[in-house]
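Each remark here refers to the structure printed beneath this line.
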There are 4 protein chains.
Amino acid sequence: MQHLPQTVPERSRRVDAPLGDLAARYVAVRATTLRLAEPLSDEDCQVQSMPDASPTKWHLAHLTWFFETFVLEPLESDFKAFDPRFRVLFNSYYQGVGEQHPRAQRGLISRPSLTTVKRYRAQVDERMQALMARAAAAGTLDAGLRNLVVLGLHHEQQHQELLLTDIKHVLSFGAPSATESMAYAKRWPIGAVQAQALRWFAHAGGLFELGHDPALDGDFCFDNETPRHRAYIAPFELASRPVNHGEFLAFIEDGGYRRPELWLAMGWAWVNEGPEGTPRQSPLYWQRRDGVWFTHTLQGTVEIDPHTPVCHLSYFEADAYARWAGARLPTEGEWELAARQLGPRALQRAHFADRGAFHPLPPITDARDGQVQMHGDVWEWTQSNYNPYPGYRPLPGAVGEYNGKFMCNQFVLRGGSCATPAGHVRASYRNFFPPEAQWQFSGLRLARDMDA
Amino acid sequence: MQHLPQTVPERSRRVDAPLGDLAARYVAVRATTLRLAEPLSDEDCQVQSMPDASPTKWHLAHLTWFFETFVLEPLESDFKAFDPRFRVLFNSYYQGVGEQHPRAQRGLISRPSLTTVKRYRAQVDERMQALMARAAAAGTLDAGLRNLVVLGLHHEQQHQELLLTDIKHVLSFGAPSATESMAYAKRWPIGAVQAQALRWFAHAGGLFELGHDPALDGDFCFDNETPRHRAYIAPFELASRPVNHGEFLAFIEDGGYRRPELWLAMGWAWVNEGPEGTPRQSPLYWQRRDGVWFTHTLQGTVEIDPHTPVCHLSYFEADAYARWAGARLPTEGEWELAARQLGPRALQRAHFADRGAFHPLPPITDARDGQVQMHGDVWEWTQSNYNPYPGYRPLPGAVGEYNGKFMCNQFVLRGGSCATPAGHVRASYRNFFPPEAQWQFSGLRLARDMDA
Amino acid sequence: MQHLPQTVPERSRRVDAPLGDLAARYVAVRATTLRLAEPLSDEDCQVQSMPDASPTKWHLAHLTWFFETFVLEPLESDFKAFDPRFRVLFNSYYQGVGEQHPRAQRGLISRPSLTTVKRYRAQVDERMQALMARAAAAGTLDAGLRNLVVLGLHHEQQHQELLLTDIKHVLSFGAPSATESMAYAKRWPIGAVQAQALRWFAHAGGLFELGHDPALDGDFCFDNETPRHRAYIAPFELASRPVNHGEFLAFIEDGGYRRPELWLAMGWAWVNEGPEGTPRQSPLYWQRRDGVWFTHTLQGTVEIDPHTPVCHLSYFEADAYARWAGARLPTEGEWELAARQLGPRALQRAHFADRGAFHPLPPITDARDGQVQMHGDVWEWTQSNYNPYPGYRPLPGAVGEYNGKFMCNQFVLRGGSCATPAGHVRASYRNFFPPEAQWQFSGLRLARDMDA
Amino acid sequence: MQHLPQTVPERSRRVDAPLGDLAARYVAVRATTLRLAEPLSDEDCQVQSMPDASPTKWHLAHLTWFFETFVLEPLESDFKAFDPRFRVLFNSYYQGVGEQHPRAQRGLISRPSLTTVKRYRAQVDERMQALMARAAAAGTLDAGLRNLVVLGLHHEQQHQELLLTDIKHVLSFGAPSATESMAYAKRWPIGAVQAQALRWFAHAGGLFELGHDPALDGDFCFDNETPRHRAYIAPFELASRPVNHGEFLAFIEDGGYRRPELWLAMGWAWVNEGPEGTPRQSPLYWQRRDGVWFTHTLQGTVEIDPHTPVCHLSYFEADAYARWAGARLPTEGEWELAARQLGPRALQRAHFADRGAFHPLPPITDARDGQVQMHGDVWEWTQSNYNPYPGYRPLPGAVGEYNGKFMCNQFVLRGGSCATPAGHVRASYRNFFPPEAQWQFSGLRLARDMDA
């Protein structure tokens, strides 16, 4: 998720929301980030395990940099940077803000320390609250400022998920000692569960409006969800639930990783070059011991549970599985259409990060009236490239300067995962990653064409 | 163009076409390939200048391998391979046929010699003619065989274009001596021309059928053009002609290669890593001497003519130019819609490889009634990813085994170029390359949203 | 310094040394290591800035692993590993001990924490003391055990130097904040100094005995210093002191980094490929601001002092400088011969790490009677490859298993540096690094042939 | 062999040699080169199979470039380059002559053609003969000119060997057809032979003069063989003949490629990274089919003959074998000492390229009076780094400009091989390659220390 291509759509601007709500929400979201970092030592927070992932400390600093740079700097009359060098160190990719510390070297920043970064957060938080209060008092807490703060909080939530997936990757390299565990969390969330058969739901297709709808999705969205636009969708069927670990094991046992006809050409190359030159034979984090498959989780190494949604798949793996299963990945339009039809309860009952499980759970109820687990548990790869919607336009200005610059060689994922903060996603939400990315909680749901 | 994802659509099967036509067409297409290789020495034909390109000799052999493997082998009762080792040497990427000689090592195949490869071609051609004659006599020259031959001939034409673009790349490394020139062809095709202003044509949009239509496009198509399907297209405007060299020079002079805000993030990285670590500052093959821009062509090095369509652009460059120009790339649906409206004359009058110019020419007539140069001169990058059409299905069987396996991280180009064989393309034709590819005759035509 | 090819020569075994000395020395050396790590935060100790360097925490653990694996494991009757996983995590390169955690991923080991590593040290230290006491009481504190302990302490000292050079490299990437400095130490050690002219001393040459001599060098040595052997050395001259920063600046200003005729072919390639594709134009850590040269030191960034020995040179730079100066690098035989002639005072008065300066100092006294600064300040590159001495034989057994396995593509450095523990080196001591290594305190002293 | 560090020692200059000899020798050496290229097609001559190897066509042109650049250009009064662009294209690495075409892109030079390169050779040969004749007539055929010509002819001979080893590498990639073979030569040189037991010869050691001696070695030498200098050599033993294929097979079967304790650390890494990520398990060109070992030769693929000297070993393999055999590689001083003692007949009876076998042959006679096969058959790796002799000085001027610039990270090989032109080598001759190089005819002879 080479982020952050978000902007604030015109139509979502409301000037009448009370200050109290915004200030409280600011406190809550910012506190959640710190709470997520709590189980980690200073050293855990320091490590960068690959160029795509960032150290926890860097996340904590960058999120504060965002408010300092995009809110405080233009709006504080006596603005003074906490530390002028942070402008470069914690700039992710904003060319308009200036130079950036090299992405692959974020793990080398031993100084500032985590303690200093926490002081940085505290100071900026105080100044943010003061700024909002002053603005409210002066009657200038308008849409511009409010939306910027809300954007910063959604940005913060995106990184909360990255913090979890990045630290999961770090901990996959560490080694436990007698007294320390390489787990992030303690309690394993899953008890014994029953299998749930896969069912198919038919969708008639037709001409639809897709993209963010404030009436359904709430005021806020990222600019990549706009504009709402018309699209024709052919009739299709969608699976009742995501593919689970047991089904994916059957794919492996059927020689899935050794049959080129199941893979995209790039995917087959990716399988064979593997890490350290060994061909891949399972998703990320899996290992086989004495014929039993285990996986690394945020609770440490556990045996694989066949009834839970499979995750840590690349697009290549999701696509190959679908071909093996005689199906295909859905388009993002199909996914959105189906999600809309489920109504708001699908989102409300979903399994997100607030549950603290940090691992996909089995479906709670049998899917009788429609798909289950559309939101939460695992992000679902779609066959859609991350492209601009028709009529999409980059907005002017600092935050929006680079909207759309990541719309190349990435695929859209939908729905949210067990590591996504509750309240962060919606039916129109578009996540995106390159096809080889595996370290997110990424799985799939099957689709197929309707027989004519 | 990691090819060959073609299959034969059911609906194009006709059993009544006379043998004579097919046999004559076979002779003509095969002869054209050899004629294209004629100006080249044995050594020119040997060289592979990068992994993406193939030696001319390899092209000549692979095209023959195609007929030997997919037609003769299953249909000759006493089939005997010309040389059993060619099965591996000249297999491009057909996993179902077995192993492949490593792509990046095609230039190391000094043996068989070019002479042997030509004998290989002659022998297979004789056997193909005999096979077709026998089938006609026996009444078994049915759709299956005919379509396979036609497919092989379209395959041959695709490689005719690659042969030209690959050898152009090779000759950009060679150095002329006093008596030998690194040019492929002699005569420079362009005389003095007048500027032609860019105009815009409006298209109303609506719900359309896209994809191959036998009634309009002829019987044959590749499977990626199918199935014909419905799509909604919003109103848009399309430029009267491709962007020309003069316009692209203005982009360069305006700092186009030094302004990150004009580029996709991947494009900006691509600009800065450049070949041999030097940031790029122009399209492929350009060089500046004493303030004047020159370019390598198949006729050798020439000064750039501002009135001809710009080519050898990557997707990144086409996309950045469009942003700089306040426009965007068209989608492939928009392009196809506009091409359909021009009728068959647009295709008939286009500038293809049969003209022998091998370089984009200026527009002949002013665009009054519609876009000009939609076909020929330069392939036009679209913003559409190379994805399966809704309802697309891989066909069973040998040739079609890998349809669609290249549908990842590539963008569609439309229209054909000055190196495309006449008669090879149509309005529904989809070419595709990764966004960094530059060595094709790839340019762009601007599009923009209709003001609401 | 891909270490540790050391063993204990037979002739240095003494069984009569009292326990007290050994135990006290153990305490002192081990305490010094911890003291060196004291100025560093947990995060500083975590970072690995390149594959060749190790995190401080890893050094601390590996040094303890050495005693646990090579002393406690074979000699403790009730041996129980502190943590069985450390066997792999902190094994540097001993194939005989088993697998090793990948070298380039030492910085990913966030667990065990630094706190745990310090507990590991404390526990092993207690057990070592108990073991030595028990052995002394039982009369089994023989040469075998003693020498193993002494070897471990010399090993520890080698890593004390690496700890300093590695952390210097780490801190070159970090960025200071308002309140934290990227310096390791506080006080800058150098005051105003006078230039000292370079003089030459003639050496007559002849047939000599080279290598470790217990009578001169003390009992202990690494096995690469043995056996003492005969060699013929031609007459030569050696410079009075190391090349200083001012002289090296003159080389730079004379175009030293732009003149291929001054460099080895490999060196010239190394100059031009540079870090991130930019040709090198100065030693490691240097930067020029407004025409003034600065360098990163363990005290932070300081202006370069022309009168101090130049350091952080690769072999390529040392060799090129010598060629530019009309001289050459000495052989290690020449260096050893000259060092021997100075007698023990040269070693006693040298500037080592105990001084706490961690930066080369100017020569204290003028060189009247012989070379100064042969020991300490900067390691001196010789033109000698790191090869086995005639008659060198790998010793049997665990510790000595891999003696000599690094004797390939490395050059010998002599003398010790400002980061070498006092008491660690001697005239026969051979340090070694590949020719491109720069992050040690490596400089040079000129030699030249005697005019016949 | 990143060559050509040769110069002409002062003492070898003789002005009295008649023109006829020189002119005839010129004709003979030049003709030999062309004859070696005769079995090859234009396409064979075009291919570059790795950056370290050059196309045959490039060798042919470069050798002519040498005479044109270093002899004709300074001495022809009306000098005019055959083609000014060849100055860059065929300059190997002479920075003083100017830029060089990138080494790894020599295979991309399709033009000039082989035919043109042969015209280039013919024209320069004519001019060379005319120049020599004019000089003889004018009495100016002095040592300067003569030595330059002789140097060029020795340079030519070095490349004759490289031409053979490079084309052998090319042909290992090609694939034979029914009528063409990937062999270079026709007849297999080896008949049935008897085993010859390995014996040891003792050498007493002492103080010796090493390096080129005109009285023993003839007038000519490369500058790296000078100056003659004194060295002390300890007593040693040397094996009667090179290690043969059968002995090396025993090493393989004893797990030689799987036992880290036998290898240098760099060698072990080299074994394990292997080509395409597969660990190495045999020398270059070997392959096992149904339990039988075959090897690629210039005569095509043949079964391995146990009684012939093993070749295509890297230094790492030679070193590991010696360790496994309880011996070591000789130093180059030891080798030279032993070779001197054999007298001139050892050189005269050796098996060089003029025999046309191009593969190491079994020893003809049993070794009774001294080592056999010291010269010819296979180059013998020594443990000596390619370093300057004491007192070695780079000579001034064009040809000698870069003497010694390759003296880094290479090891010396001695003796010559079955691909070395007869008359090219001598007892003082030093060949050199990096430790990983395998594509030369490189083997080894065991040495061991004399028991004290």
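Scheme for the structure tokens: letters A, B, ... for chains in order shown; per-chain residue numbers from 1; ligand numbers from 1 in order shown.
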Taking the DSSP secondary structure from the backbone, can you list the residues of segment 60-298 of chain D that are strand (DSSP E or B), as a ChimeraX atom specification? /D:200-203,206-210,229-233,236-239,244,286-289,292-297
Chain D residues near chain A (9 Å cut-off, only C-alpha atoms) as a ChimeraX atom specification: /D:276-278
Atom-to-atom span, atom CA of Trp268 of chain D and atom CA of Val47 of chain C, Å: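 Here the two named atoms are 27.6 Å from each other.
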For atom CA of Arg345 of chain C and atom CA of Gly333 of chain C, quote the distance in Å rounded to one decimal. 20.1 Å
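Atom to atom, atom CA of Glu380 of chain D and atom CA of Pro242 of chain D stand 7.8 Å apart.
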